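Text of protein.pdb (PDB, C-alpha atoms, pLDDT in the B column) as supplied:
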ATOM      1  CA  MET A   3      32.891-230.231-215.838  1.00 44.00           C
ATOM      2  CA  LYS A   4      30.734-231.331-218.768  1.00 47.00           C
ATOM      3  CA  TRP A   5      33.730-231.121-221.144  1.00 48.00           C
ATOM      4  CA  ILE A   6      35.881-233.257-218.860  1.00 46.00           C
ATOM      5  CA  PHE A   7      33.200-235.966-218.984  1.00 44.00           C
ATOM      6  CA  VAL A   8      33.047-235.804-222.798  1.00 43.00           C
ATOM      7  CA  VAL A   9      36.846-235.988-223.120  1.00 45.00           C
ATOM      8  CA  CYS A  10      36.982-238.968-220.734  1.00 46.00           C
ATOM      9  CA  LEU A  11      34.221-240.693-222.687  1.00 47.00           C
ATOM     10  CA  LEU A  12      36.086-240.190-225.964  1.00 49.00           C
ATOM     11  CA  ILE A  13      39.359-241.480-224.531  1.00 51.00           C
ATOM     12  CA  THR A  14      37.568-244.522-223.081  1.00 50.00           C
ATOM     13  CA  ASN A  15      36.015-245.287-226.464  1.00 48.00           C
ATOM     14  CA  ILE A  16      39.409-245.110-228.162  1.00 49.00           C
ATOM     15  CA  LEU A  17      41.023-247.343-225.550  1.00 47.00           C
ATOM     16  CA  LEU A  18      38.245-249.921-225.556  1.00 51.00           C
ATOM     17  CA  GLY A  19      38.428-250.560-229.276  1.00 60.00           C
ATOM     18  CA  GLN A  20      37.007-249.411-232.536  1.00 89.00           C
ATOM     19  CA  LYS A  21      33.290-248.902-232.879  1.00 94.00           C
ATOM     20  CA  ILE A  22      31.271-248.273-235.991  1.00 97.00           C
ATOM     21  CA  VAL A  23      28.179-246.132-235.554  1.00 97.00           C
ATOM     22  CA  TRP A  24      25.171-247.415-237.521  1.00 98.00           C
ATOM     23  CA  LYS A  25      24.409-245.374-240.627  1.00 96.00           C
ATOM     24  CA  GLU A  26      21.893-246.259-243.286  1.00 94.00           C
ATOM     25  CA  ASP A  27      24.316-245.876-246.166  1.00 94.00           C
ATOM     26  CA  ILE A  28      27.275-247.683-244.573  1.00 94.00           C
ATOM     27  CA  LYS A  29      27.286-251.472-244.479  1.00 97.00           C
ATOM     28  CA  LEU A  30      29.596-253.836-242.647  1.00 98.00           C
ATOM     29  CA  ASN A  31      32.364-255.657-244.478  1.00 97.00           C
ATOM     30  CA  TRP A  32      34.450-258.605-243.383  1.00 97.00           C
ATOM     31  CA  ASN A  33      37.394-256.345-242.498  1.00 97.00           C
ATOM     32  CA  ASN A  34      35.243-254.925-239.677  1.00 97.00           C
ATOM     33  CA  PHE A  35      35.325-258.302-237.875  1.00 96.00           C
ATOM     34  CA  LYS A  36      38.689-257.952-236.120  1.00 95.00           C
ATOM     35  CA  SER A  37      38.569-260.330-233.168  1.00 92.00           C
ATOM     36  CA  ASN A  38      40.508-263.579-233.454  1.00 86.00           C
ATOM     37  CA  ILE A  39      38.465-265.221-230.705  1.00 79.00           C
ATOM     38  CA  ASN A  40      35.382-267.326-231.415  1.00 77.00           C
ATOM     39  CA  ASN A  41      33.373-266.498-228.292  1.00 67.00           C
ATOM     40  CA  GLN A  42      30.546-268.740-229.443  1.00 64.00           C
ATOM     41  CA  ARG A  43      32.630-271.920-229.140  1.00 61.00           C
ATOM     42  CA  GLY A  44      30.561-273.662-231.813  1.00 64.00           C
ATOM     43  CA  THR A  45      32.255-275.509-234.642  1.00 67.00           C
ATOM     44  CA  ASN A  46      29.506-274.472-237.058  1.00 70.00           C
ATOM     45  CA  VAL A  47      29.633-270.782-236.094  1.00 78.00           C
ATOM     46  CA  VAL A  48      30.911-268.765-239.056  1.00 90.00           C
ATOM     47  CA  ALA A  49      30.752-265.255-237.591  1.00 93.00           C
ATOM     48  CA  TYR A  50      29.702-263.299-234.550  1.00 93.00           C
ATOM     49  CA  THR A  51      28.474-259.698-234.558  1.00 95.00           C
ATOM     50  CA  ASN A  52      28.933-257.753-231.343  1.00 96.00           C
ATOM     51  CA  CYS A  53      26.669-254.732-231.479  1.00 97.00           C
ATOM     52  CA  GLY A  54      24.413-252.705-229.247  1.00 96.00           C
ATOM     53  CA  TRP A  55      23.970-249.141-228.064  1.00 96.00           C
ATOM     54  CA  ILE A  56      25.777-246.423-226.236  1.00 96.00           C
ATOM     55  CA  TYR A  57      24.129-243.384-224.779  1.00 96.00           C
ATOM     56  CA  SER A  58      25.181-240.098-223.271  1.00 96.00           C
ATOM     57  CA  VAL A  59      23.155-237.814-221.054  1.00 97.00           C
ATOM     58  CA  VAL A  60      23.370-234.123-220.272  1.00 97.00           C
ATOM     59  CA  LYS A  61      21.200-233.372-217.258  1.00 95.00           C
ATOM     60  CA  SER A  62      21.012-231.193-214.202  1.00 94.00           C
ATOM     61  CA  SER A  63      20.605-231.794-210.499  1.00 95.00           C
ATOM     62  CA  ASN A  64      17.450-229.685-210.870  1.00 96.00           C
ATOM     63  CA  PRO A  65      14.730-232.271-211.627  1.00 96.00           C
ATOM     64  CA  LYS A  66      12.736-229.728-213.660  1.00 97.00           C
ATOM     65  CA  SER A  67      15.603-228.904-216.020  1.00 97.00           C
ATOM     66  CA  PRO A  68      15.513-230.242-219.570  1.00 97.00           C
ATOM     67  CA  VAL A  69      17.582-233.329-220.325  1.00 97.00           C
ATOM     68  CA  THR A  70      19.409-234.282-223.516  1.00 97.00           C
ATOM     69  CA  ILE A  71      19.934-237.969-224.297  1.00 97.00           C
ATOM     70  CA  LYS A  72      21.918-239.208-227.281  1.00 97.00           C
ATOM     71  CA  ILE A  73      21.574-242.892-228.242  1.00 98.00           C
ATOM     72  CA  GLU A  74      23.786-244.502-230.881  1.00 98.00           C
ATOM     73  CA  THR A  75      23.850-247.998-232.335  1.00 98.00           C
ATOM     74  CA  ILE A  76      27.362-249.353-232.465  1.00 98.00           C
ATOM     75  CA  PHE A  77      29.240-252.331-233.880  1.00 98.00           C
ATOM     76  CA  ASN A  78      32.302-253.409-231.894  1.00 97.00           C
ATOM     77  CA  GLU A  79      35.012-254.410-234.339  1.00 97.00           C
ATOM     78  CA  ASP A  80      37.361-255.797-231.693  1.00 95.00           C
ATOM     79  CA  LYS A  81      34.653-258.103-230.307  1.00 95.00           C
ATOM     80  CA  SER A  82      33.237-259.299-233.644  1.00 96.00           C
ATOM     81  CA  TRP A  83      34.636-262.493-235.092  1.00 93.00           C
ATOM     82  CA  LYS A  84      34.678-264.423-238.382  1.00 94.00           C
ATOM     83  CA  ASP A  85      35.967-267.776-239.616  1.00 91.00           C
ATOM     84  CA  ALA A  86      37.838-266.562-242.700  1.00 90.00           C
ATOM     85  CA  LYS A  87      37.640-270.052-244.258  1.00 91.00           C
ATOM     86  CA  LYS A  88      33.820-270.129-244.211  1.00 90.00           C
ATOM     87  CA  ILE A  89      32.669-266.550-244.804  1.00 93.00           C
ATOM     88  CA  ASN A  90      30.737-265.330-247.845  1.00 94.00           C
ATOM     89  CA  ASP A  91      28.548-262.397-248.852  1.00 95.00           C
ATOM     90  CA  TYR A  92      25.342-264.193-247.847  1.00 95.00           C
ATOM     91  CA  ILE A  93      26.575-264.666-244.273  1.00 95.00           C
ATOM     92  CA  LEU A  94      27.748-261.045-244.197  1.00 97.00           C
ATOM     93  CA  GLY A  95      24.167-260.043-245.046  1.00 97.00           C
ATOM     94  CA  HIS A  96      22.895-262.072-242.090  1.00 97.00           C
ATOM     95  CA  GLU A  97      25.442-260.395-239.800  1.00 97.00           C
ATOM     96  CA  GLN A  98      24.480-256.936-241.141  1.00 98.00           C
ATOM     97  CA  LYS A  99      20.902-257.694-240.108  1.00 98.00           C
ATOM     98  CA  HIS A 100      22.058-258.202-236.507  1.00 98.00           C
ATOM     99  CA  PHE A 101      23.436-254.650-236.651  1.00 98.00           C
ATOM    100  CA  ASP A 102      20.206-253.411-238.287  1.00 98.00           C
ATOM    101  CA  ILE A 103      18.139-255.078-235.540  1.00 98.00           C
ATOM    102  CA  ALA A 104      20.207-253.179-232.974  1.00 98.00           C
ATOM    103  CA  GLU A 105      19.288-249.959-234.808  1.00 98.00           C
ATOM    104  CA  ILE A 106      15.580-250.888-234.801  1.00 98.00           C
ATOM    105  CA  PHE A 107      15.600-251.258-231.044  1.00 98.00           C
ATOM    106  CA  ALA A 108      17.683-248.090-230.628  1.00 98.00           C
ATOM    107  CA  ARG A 109      14.937-246.289-232.551  1.00 98.00           C
ATOM    108  CA  LYS A 110      12.322-247.817-230.259  1.00 98.00           C
ATOM    109  CA  LEU A 111      14.364-246.577-227.311  1.00 98.00           C
ATOM    110  CA  ARG A 112      14.730-243.099-228.843  1.00 98.00           C
ATOM    111  CA  LYS A 113      10.973-242.995-229.489  1.00 98.00           C
ATOM    112  CA  GLU A 114      10.045-243.889-225.944  1.00 98.00           C
ATOM    113  CA  VAL A 115      12.652-241.545-224.487  1.00 98.00           C
ATOM    114  CA  GLN A 116      11.377-238.708-226.685  1.00 97.00           C
ATOM    115  CA  GLU A 117       7.802-239.376-225.578  1.00 97.00           C
ATOM    116  CA  LYS A 118       8.392-239.911-221.854  1.00 97.00           C
ATOM    117  CA  ILE A 119      11.580-238.183-220.747  1.00 98.00           C
ATOM    118  CA  LYS A 120      11.593-234.393-220.893  1.00 97.00           C
ATOM    119  CA  THR A 121      13.383-233.416-217.674  1.00 97.00           C
ATOM    120  CA  SER A 122      16.239-234.552-215.452  1.00 96.00           C
ATOM    121  CA  GLY A 123      13.622-235.804-212.981  1.00 97.00           C
ATOM    122  CA  ASP A 124      11.957-237.895-215.708  1.00 97.00           C
ATOM    123  CA  PHE A 125      15.360-239.343-216.576  1.00 97.00           C
ATOM    124  CA  ASN A 126      16.130-240.230-212.964  1.00 97.00           C
ATOM    125  CA  LYS A 127      12.740-241.832-212.489  1.00 97.00           C
ATOM    126  CA  SER A 128      12.171-243.667-215.780  1.00 98.00           C
ATOM    127  CA  PHE A 129      15.213-244.100-218.020  1.00 98.00           C
ATOM    128  CA  GLN A 130      16.718-247.244-216.510  1.00 97.00           C
ATOM    129  CA  GLY A 131      13.385-249.086-216.553  1.00 98.00           C
ATOM    130  CA  ILE A 132      12.718-248.142-220.184  1.00 98.00           C
ATOM    131  CA  TYR A 133      16.289-249.010-221.168  1.00 98.00           C
ATOM    132  CA  HIS A 134      16.239-252.429-219.490  1.00 98.00           C
ATOM    133  CA  ARG A 135      12.839-253.380-220.914  1.00 98.00           C
ATOM    134  CA  ILE A 136      13.806-252.477-224.494  1.00 98.00           C
ATOM    135  CA  SER A 137      17.247-254.056-224.025  1.00 98.00           C
ATOM    136  CA  ASN A 138      15.626-257.334-222.947  1.00 98.00           C
ATOM    137  CA  ASP A 139      13.265-257.222-225.952  1.00 98.00           C
ATOM    138  CA  TYR A 140      16.274-256.560-228.203  1.00 98.00           C
ATOM    139  CA  LYS A 141      18.275-259.493-226.834  1.00 97.00           C
ATOM    140  CA  SER A 142      15.285-261.822-227.141  1.00 98.00           C
ATOM    141  CA  PHE A 143      14.668-260.733-230.732  1.00 98.00           C
ATOM    142  CA  GLN A 144      18.317-261.388-231.664  1.00 97.00           C
ATOM    143  CA  VAL A 145      18.079-264.937-230.250  1.00 96.00           C
ATOM    144  CA  VAL A 146      14.809-265.650-232.084  1.00 97.00           C
ATOM    145  CA  TYR A 147      16.262-264.215-235.309  1.00 97.00           C
ATOM    146  CA  ASP A 148      19.211-266.621-235.194  1.00 94.00           C
ATOM    147  CA  LYS A 149      16.994-269.547-234.181  1.00 95.00           C
ATOM    148  CA  ASP A 150      14.360-268.916-236.870  1.00 97.00           C
ATOM    149  CA  THR A 151      16.905-268.373-239.650  1.00 95.00           C
ATOM    150  CA  LYS A 152      19.203-271.131-238.366  1.00 93.00           C
ATOM    151  CA  HIS A 153      21.958-268.478-238.237  1.00 91.00           C
ATOM    152  CA  GLY A 154      21.097-267.464-241.784  1.00 91.00           C
ATOM    153  CA  MET A 155      21.132-270.982-243.246  1.00 91.00           C
ATOM    154  CA  ASP A 156      17.341-271.068-243.800  1.00 94.00           C
ATOM    155  CA  GLU A 157      17.197-268.825-246.871  1.00 95.00           C
ATOM    156  CA  ALA A 158      13.400-268.538-246.930  1.00 97.00           C
ATOM    157  CA  LYS A 159      13.266-267.418-243.296  1.00 98.00           C
ATOM    158  CA  GLN A 160      16.228-265.106-243.843  1.00 97.00           C
ATOM    159  CA  THR A 161      14.414-263.450-246.754  1.00 98.00           C
ATOM    160  CA  GLU A 162      11.329-263.061-244.561  1.00 98.00           C
ATOM    161  CA  TYR A 163      13.387-261.407-241.812  1.00 98.00           C
ATOM    162  CA  ASP A 164      15.185-259.201-244.342  1.00 98.00           C
ATOM    163  CA  ARG A 165      11.802-257.777-245.358  1.00 98.00           C
ATOM    164  CA  THR A 166      10.596-257.417-241.765  1.00 98.00           C
ATOM    165  CA  ILE A 167      13.790-255.637-240.696  1.00 98.00           C
ATOM    166  CA  ALA A 168      13.633-253.247-243.668  1.00 98.00           C
ATOM    167  CA  GLU A 169       9.973-252.486-242.892  1.00 98.00           C
ATOM    168  CA  GLU A 170      10.714-251.812-239.217  1.00 98.00           C
ATOM    169  CA  LEU A 171      13.593-249.484-240.087  1.00 98.00           C
ATOM    170  CA  GLU A 172      11.256-247.616-242.432  1.00 98.00           C
ATOM    171  CA  ASN A 173       8.406-247.504-239.887  1.00 98.00           C
ATOM    172  CA  LEU A 174      10.738-246.012-237.274  1.00 98.00           C
ATOM    173  CA  LYS A 175      12.663-243.683-239.598  1.00 97.00           C
ATOM    174  CA  SER A 176      11.476-240.660-237.613  1.00 97.00           C
ATOM    175  CA  TYR A 177      13.686-241.883-234.776  1.00 97.00           C
ATOM    176  CA  LYS A 178      16.988-242.169-236.646  1.00 95.00           C
ATOM    177  CA  ALA A 179      19.922-240.675-234.788  1.00 92.00           C
ATOM    178  CA  SER A 180      20.388-237.049-235.723  1.00 79.00           C
TER     179      SER A 180
END

Any chance you could give the structure as structure tokens?
Amino acid sequence: MKWIFVVCLLITNILLGQKIVWKEDIKLNWNNFKSNINNQRGTNVVAYTNCGWIYSVVKSSNPKSPVTIKIETIFNEDKSWKDAKKINDYILGHEQKHFDIAEIFARKLRKEVQEKIKTSGDFNKSFQGIYHRISNDYKSFQVVYDKDTKHGMDEAKQTEYDRTIAEELENLKSYKAS
């Protein structure tokens, strides 16, 4: 039964579009932005990064059984957009940071899950609350990041965030996906 679920999950991922899993040594490039639709509807919007997390769970109906949770940070190529007439390497760096922020919050989620969820019962009782709280913090941070940096146009603020994001990734390196 477990294998059927995994196969269905893989087929769903293939059908729903290409995803890039966050890795420290792999950076986004403009070819990864494959959508032709500007979902932001702004005339001054140069690019949009659609990223977040996916997770899988292996658990039992026995609440005392151990649980395994895998959390990955993903970039959705088919939902990420660029204005090819306005893009440049600087803007790509800003968009990469959106993906890196998603990884920071995935690490925060992994950390809390590792600390608080040991069994299937723990998962049933606590996972959704933890997930939603960290997800809300993540979404809020992404909005503040764009506002503070003026979508990357404020170079001083962007540099400040670049440092902060790098520091956070380093501080949470124990919670990288394995």

Worksheet item: Skipping near chain neighbours, those fewer than 4 positions away, what residues fall within 9 Å of Lys36 of chain A using only C-alpha atoms, listed as JSON, numbers by chain?
Response: {"A": [32, 78, 79, 80, 81, 82, 83, 84]}

Taking the point (22.0, -240.7, -231.1) as given in the file, collect each protein or nucleic acid residue that comes within 10 Å of it, counting all atoms listed in the file, and present the set as an mmCIF file with C-alpha atoms, in the frame of the given file.
data_model
loop_
_atom_site.group_PDB
_atom_site.id
_atom_site.type_symbol
_atom_site.label_atom_id
_atom_site.label_comp_id
_atom_site.auth_asym_id
_atom_site.auth_seq_id
_atom_site.Cartn_x
_atom_site.Cartn_y
_atom_site.Cartn_z
ATOM 1 C CA VAL A 23 28.179 -246.132 -235.554
ATOM 2 C CA TRP A 24 25.171 -247.415 -237.521
ATOM 3 C CA TRP A 55 23.970 -249.141 -228.064
ATOM 4 C CA ILE A 56 25.777 -246.423 -226.236
ATOM 5 C CA TYR A 57 24.129 -243.384 -224.779
ATOM 6 C CA SER A 58 25.181 -240.098 -223.271
ATOM 7 C CA ILE A 71 19.934 -237.969 -224.297
ATOM 8 C CA LYS A 72 21.918 -239.208 -227.281
ATOM 9 C CA ILE A 73 21.574 -242.892 -228.242
ATOM 10 C CA GLU A 74 23.786 -244.502 -230.881
ATOM 11 C CA THR A 75 23.850 -247.998 -232.335
ATOM 12 C CA ALA A 108 17.683 -248.090 -230.628
ATOM 13 C CA ARG A 109 14.937 -246.289 -232.551
ATOM 14 C CA ARG A 112 14.730 -243.099 -228.843
ATOM 15 C CA TYR A 177 13.686 -241.883 -234.776
ATOM 16 C CA LYS A 178 16.988 -242.169 -236.646
ATOM 17 C CA ALA A 179 19.922 -240.675 -234.788
ATOM 18 C CA SER A 180 20.388 -237.049 -235.723
#

The PyMOL selection byres ((chain A and resi 22) around 6) - which residues does that actually catch in the file I just gave you? List them as a compact mmCIF listing (two decimals) with C-alpha atoms, in the frame of the given file.
# COMPACT_ATOMS: atom_id res chain seq x y z
CA LYS A 21 33.29 -248.90 -232.88
CA VAL A 23 28.18 -246.13 -235.55
CA ILE A 76 27.36 -249.35 -232.46
CA PHE A 77 29.24 -252.33 -233.88

Item to complete: For the structure shown, which residues end up in the PyMOL selection byres ((chain A and resi 67) around 12)? Put them as a PyMOL selection string, please?
Response: chain A and resi 60-66+68-70+119-126

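Across the structure, atom CA of Asp85 of chain A and atom CA of His153 of chain A are spaced 14.1 Å apart.
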
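When all atoms listed in the file are used to compute distances to Tyr133 of chain A, the closest of the residues A:Glu26, A:Glu172, A:Asp102, A:Glu114 turns out to be A:Glu114.
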
Per residue of segment 133-174 of chain A within 12 Å of segment 89-93 of chain A, which atom pair is closest and at what distance in Å (one decimal), using only C-alpha atoms, listed by chain and increasing number, as a tab-separated table?
residue	atom	partner	partner_atom	distance
A:Asp148	CA	A:Ile93	CA	11.9
A:Thr151	CA	A:Ile93	CA	11.3
A:Lys152	CA	A:Ile93	CA	11.4
A:His153	CA	A:Ile93	CA	8.5
A:Gly154	CA	A:Ile93	CA	6.6
A:Met155	CA	A:Ile93	CA	8.4
A:Asp156	CA	A:Ile93	CA	11.2
A:Glu157	CA	A:Tyr92	CA	9.4
A:Gln160	CA	A:Tyr92	CA	10.0
A:Thr161	CA	A:Tyr92	CA	11.0
A:Asp164	CA	A:Tyr92	CA	11.8

Worksheet item: So which residues are close to (31.5, -262.0, -230.0), meaning at most 8 Å away in the file's coordinates with all atoms listed in the file counted, and can you show them as a ChimeraX atom specification?
Response: /A:37,39-42,50-52,81-83

Build an axis-aligned box that encloses every atom of segment 129-133 of chain A listed in the file, pad it by 3 Å on each side, and report its centre and edge lengths in Å to one decimal, as AutoDock Vina command-line options.
--center_x 14.7 --center_y -246.6 --center_z -218.8 --size_x 10.0 --size_y 11.0 --size_z 10.7

Discussion item. I'd like the residues picked by the PyMOL selection byres ((chain A and resi 144) around 12) written out as a ChimeraX atom specification, using the chain letters and numbers from the file.
Written reply: /A:50-54,96-97,99-107,137-143,145-153,163,167

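Interatomic distance, atom CA of Phe129 of chain A against atom CA of Val115 of chain A: 7.4 Å.
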
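Considering the residues A:Leu174, A:Glu162, A:Asn46, A:Lys25 and counting only C-alpha atoms, Lys113 of chain A has its shortest atom-to-atom contact with A:Leu174.
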
Got a sec to write segment 45-72 of chain A of the block to a file, N, CA and C atoms, as a PDB file, in the first residue's frame?
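Listing of part.pdb after writing:
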ATOM      1  N   THR A  45       2.587  46.205 -13.800  1.00  0.00           N
ATOM      2  CA  THR A  45       3.391  46.567 -14.970  1.00  0.00           C
ATOM      3  C   THR A  45       4.867  46.669 -14.621  1.00  0.00           C
ATOM      4  N   ASN A  46       5.176  46.889 -13.339  1.00  0.00           N
ATOM      5  CA  ASN A  46       6.577  46.994 -12.937  1.00  0.00           C
ATOM      6  C   ASN A  46       7.133  45.682 -12.380  1.00  0.00           C
ATOM      7  N   VAL A  47       6.350  44.611 -12.444  1.00  0.00           N
ATOM      8  CA  VAL A  47       6.807  43.312 -11.960  1.00  0.00           C
ATOM      9  C   VAL A  47       7.687  42.686 -13.040  1.00  0.00           C
ATOM     10  N   VAL A  48       8.905  42.330 -12.664  1.00  0.00           N
ATOM     11  CA  VAL A  48       9.868  41.775 -13.615  1.00  0.00           C
ATOM     12  C   VAL A  48       9.864  40.252 -13.573  1.00  0.00           C
ATOM     13  N   ALA A  49       9.629  39.683 -12.392  1.00  0.00           N
ATOM     14  CA  ALA A  49       9.647  38.224 -12.259  1.00  0.00           C
ATOM     15  C   ALA A  49       8.829  37.813 -11.043  1.00  0.00           C
ATOM     16  N   TYR A  50       8.428  36.563 -11.055  1.00  0.00           N
ATOM     17  CA  TYR A  50       7.697  35.999  -9.931  1.00  0.00           C
ATOM     18  C   TYR A  50       8.226  34.592  -9.671  1.00  0.00           C
ATOM     19  N   THR A  51       8.599  34.329  -8.429  1.00  0.00           N
ATOM     20  CA  THR A  51       9.108  33.031  -8.015  1.00  0.00           C
ATOM     21  C   THR A  51       8.028  32.297  -7.237  1.00  0.00           C
ATOM     22  N   ASN A  52       7.608  31.153  -7.738  1.00  0.00           N
ATOM     23  CA  ASN A  52       6.644  30.329  -7.036  1.00  0.00           C
ATOM     24  C   ASN A  52       7.421  29.193  -6.378  1.00  0.00           C
ATOM     25  N   CYS A  53       7.504  29.260  -5.059  1.00  0.00           N
ATOM     26  CA  CYS A  53       8.234  28.234  -4.325  1.00  0.00           C
ATOM     27  C   CYS A  53       7.530  27.952  -3.010  1.00  0.00           C
ATOM     28  N   GLY A  54       7.924  26.880  -2.382  1.00  0.00           N
ATOM     29  CA  GLY A  54       7.330  26.491  -1.111  1.00  0.00           C
ATOM     30  C   GLY A  54       7.869  25.143  -0.698  1.00  0.00           C
ATOM     31  N   TRP A  55       7.012  24.332  -0.072  1.00  0.00           N
ATOM     32  CA  TRP A  55       7.451  23.042   0.434  1.00  0.00           C
ATOM     33  C   TRP A  55       6.488  21.950   0.016  1.00  0.00           C
ATOM     34  N   ILE A  56       7.021  20.754  -0.025  1.00  0.00           N
ATOM     35  CA  ILE A  56       6.194  19.559  -0.094  1.00  0.00           C
ATOM     36  C   ILE A  56       6.667  18.640   1.020  1.00  0.00           C
ATOM     37  N   TYR A  57       5.764  17.840   1.518  1.00  0.00           N
ATOM     38  CA  TYR A  57       6.179  16.885   2.538  1.00  0.00           C
ATOM     39  C   TYR A  57       5.496  15.556   2.294  1.00  0.00           C
ATOM     40  N   SER A  58       6.147  14.512   2.777  1.00  0.00           N
ATOM     41  CA  SER A  58       5.567  13.175   2.736  1.00  0.00           C
ATOM     42  C   SER A  58       5.697  12.576   4.126  1.00  0.00           C
ATOM     43  N   VAL A  59       4.772  11.707   4.448  1.00  0.00           N
ATOM     44  CA  VAL A  59       4.704  11.130   5.787  1.00  0.00           C
ATOM     45  C   VAL A  59       4.528   9.621   5.677  1.00  0.00           C
ATOM     46  N   VAL A  60       5.292   8.902   6.468  1.00  0.00           N
ATOM     47  CA  VAL A  60       5.082   7.464   6.627  1.00  0.00           C
ATOM     48  C   VAL A  60       4.742   7.276   8.099  1.00  0.00           C
ATOM     49  N   LYS A  61       3.492   6.865   8.346  1.00  0.00           N
ATOM     50  CA  LYS A  61       3.040   6.692   9.724  1.00  0.00           C
ATOM     51  C   LYS A  61       2.133   5.488   9.820  1.00  0.00           C
ATOM     52  N   SER A  62       1.761   5.179  11.022  1.00  0.00           N
ATOM     53  CA  SER A  62       0.946   4.002  11.305  1.00  0.00           C
ATOM     54  C   SER A  62      -0.363   4.438  11.943  1.00  0.00           C
ATOM     55  N   SER A  63      -1.324   3.538  11.938  1.00  0.00           N
ATOM     56  CA  SER A  63      -2.560   3.796  12.686  1.00  0.00           C
ATOM     57  C   SER A  63      -2.322   3.634  14.187  1.00  0.00           C
ATOM     58  N   ASN A  64      -1.209   2.999  14.548  1.00  0.00           N
ATOM     59  CA  ASN A  64      -0.831   2.863  15.954  1.00  0.00           C
ATOM     60  C   ASN A  64      -0.198   4.186  16.393  1.00  0.00           C
ATOM     61  N   PRO A  65      -0.827   4.922  17.297  1.00  0.00           N
ATOM     62  CA  PRO A  65      -0.308   6.238  17.684  1.00  0.00           C
ATOM     63  C   PRO A  65       1.070   6.216  18.349  1.00  0.00           C
ATOM     64  N   LYS A  66       1.512   5.047  18.808  1.00  0.00           N
ATOM     65  CA  LYS A  66       2.820   4.957  19.461  1.00  0.00           C
ATOM     66  C   LYS A  66       3.940   4.580  18.496  1.00  0.00           C
ATOM     67  N   SER A  67       3.584   4.283  17.260  1.00  0.00           N
ATOM     68  CA  SER A  67       4.587   3.912  16.258  1.00  0.00           C
ATOM     69  C   SER A  67       5.376   5.132  15.808  1.00  0.00           C
ATOM     70  N   PRO A  68       6.652   4.917  15.469  1.00  0.00           N
ATOM     71  CA  PRO A  68       7.463   6.022  14.965  1.00  0.00           C
ATOM     72  C   PRO A  68       6.901   6.552  13.644  1.00  0.00           C
ATOM     73  N   VAL A  69       7.172   7.799  13.372  1.00  0.00           N
ATOM     74  CA  VAL A  69       6.719   8.449  12.148  1.00  0.00           C
ATOM     75  C   VAL A  69       7.937   8.991  11.411  1.00  0.00           C
ATOM     76  N   THR A  70       7.881   8.972  10.088  1.00  0.00           N
ATOM     77  CA  THR A  70       8.940   9.553   9.271  1.00  0.00           C
ATOM     78  C   THR A  70       8.315  10.660   8.424  1.00  0.00           C
ATOM     79  N   ILE A  71       8.894  11.846   8.504  1.00  0.00           N
ATOM     80  CA  ILE A  71       8.390  12.996   7.747  1.00  0.00           C
ATOM     81  C   ILE A  71       9.535  13.554   6.921  1.00  0.00           C
ATOM     82  N   LYS A  72       9.304  13.688   5.629  1.00  0.00           N
ATOM     83  CA  LYS A  72      10.296  14.268   4.726  1.00  0.00           C
ATOM     84  C   LYS A  72       9.746  15.596   4.216  1.00  0.00           C
TER      85      LYS A  72
END
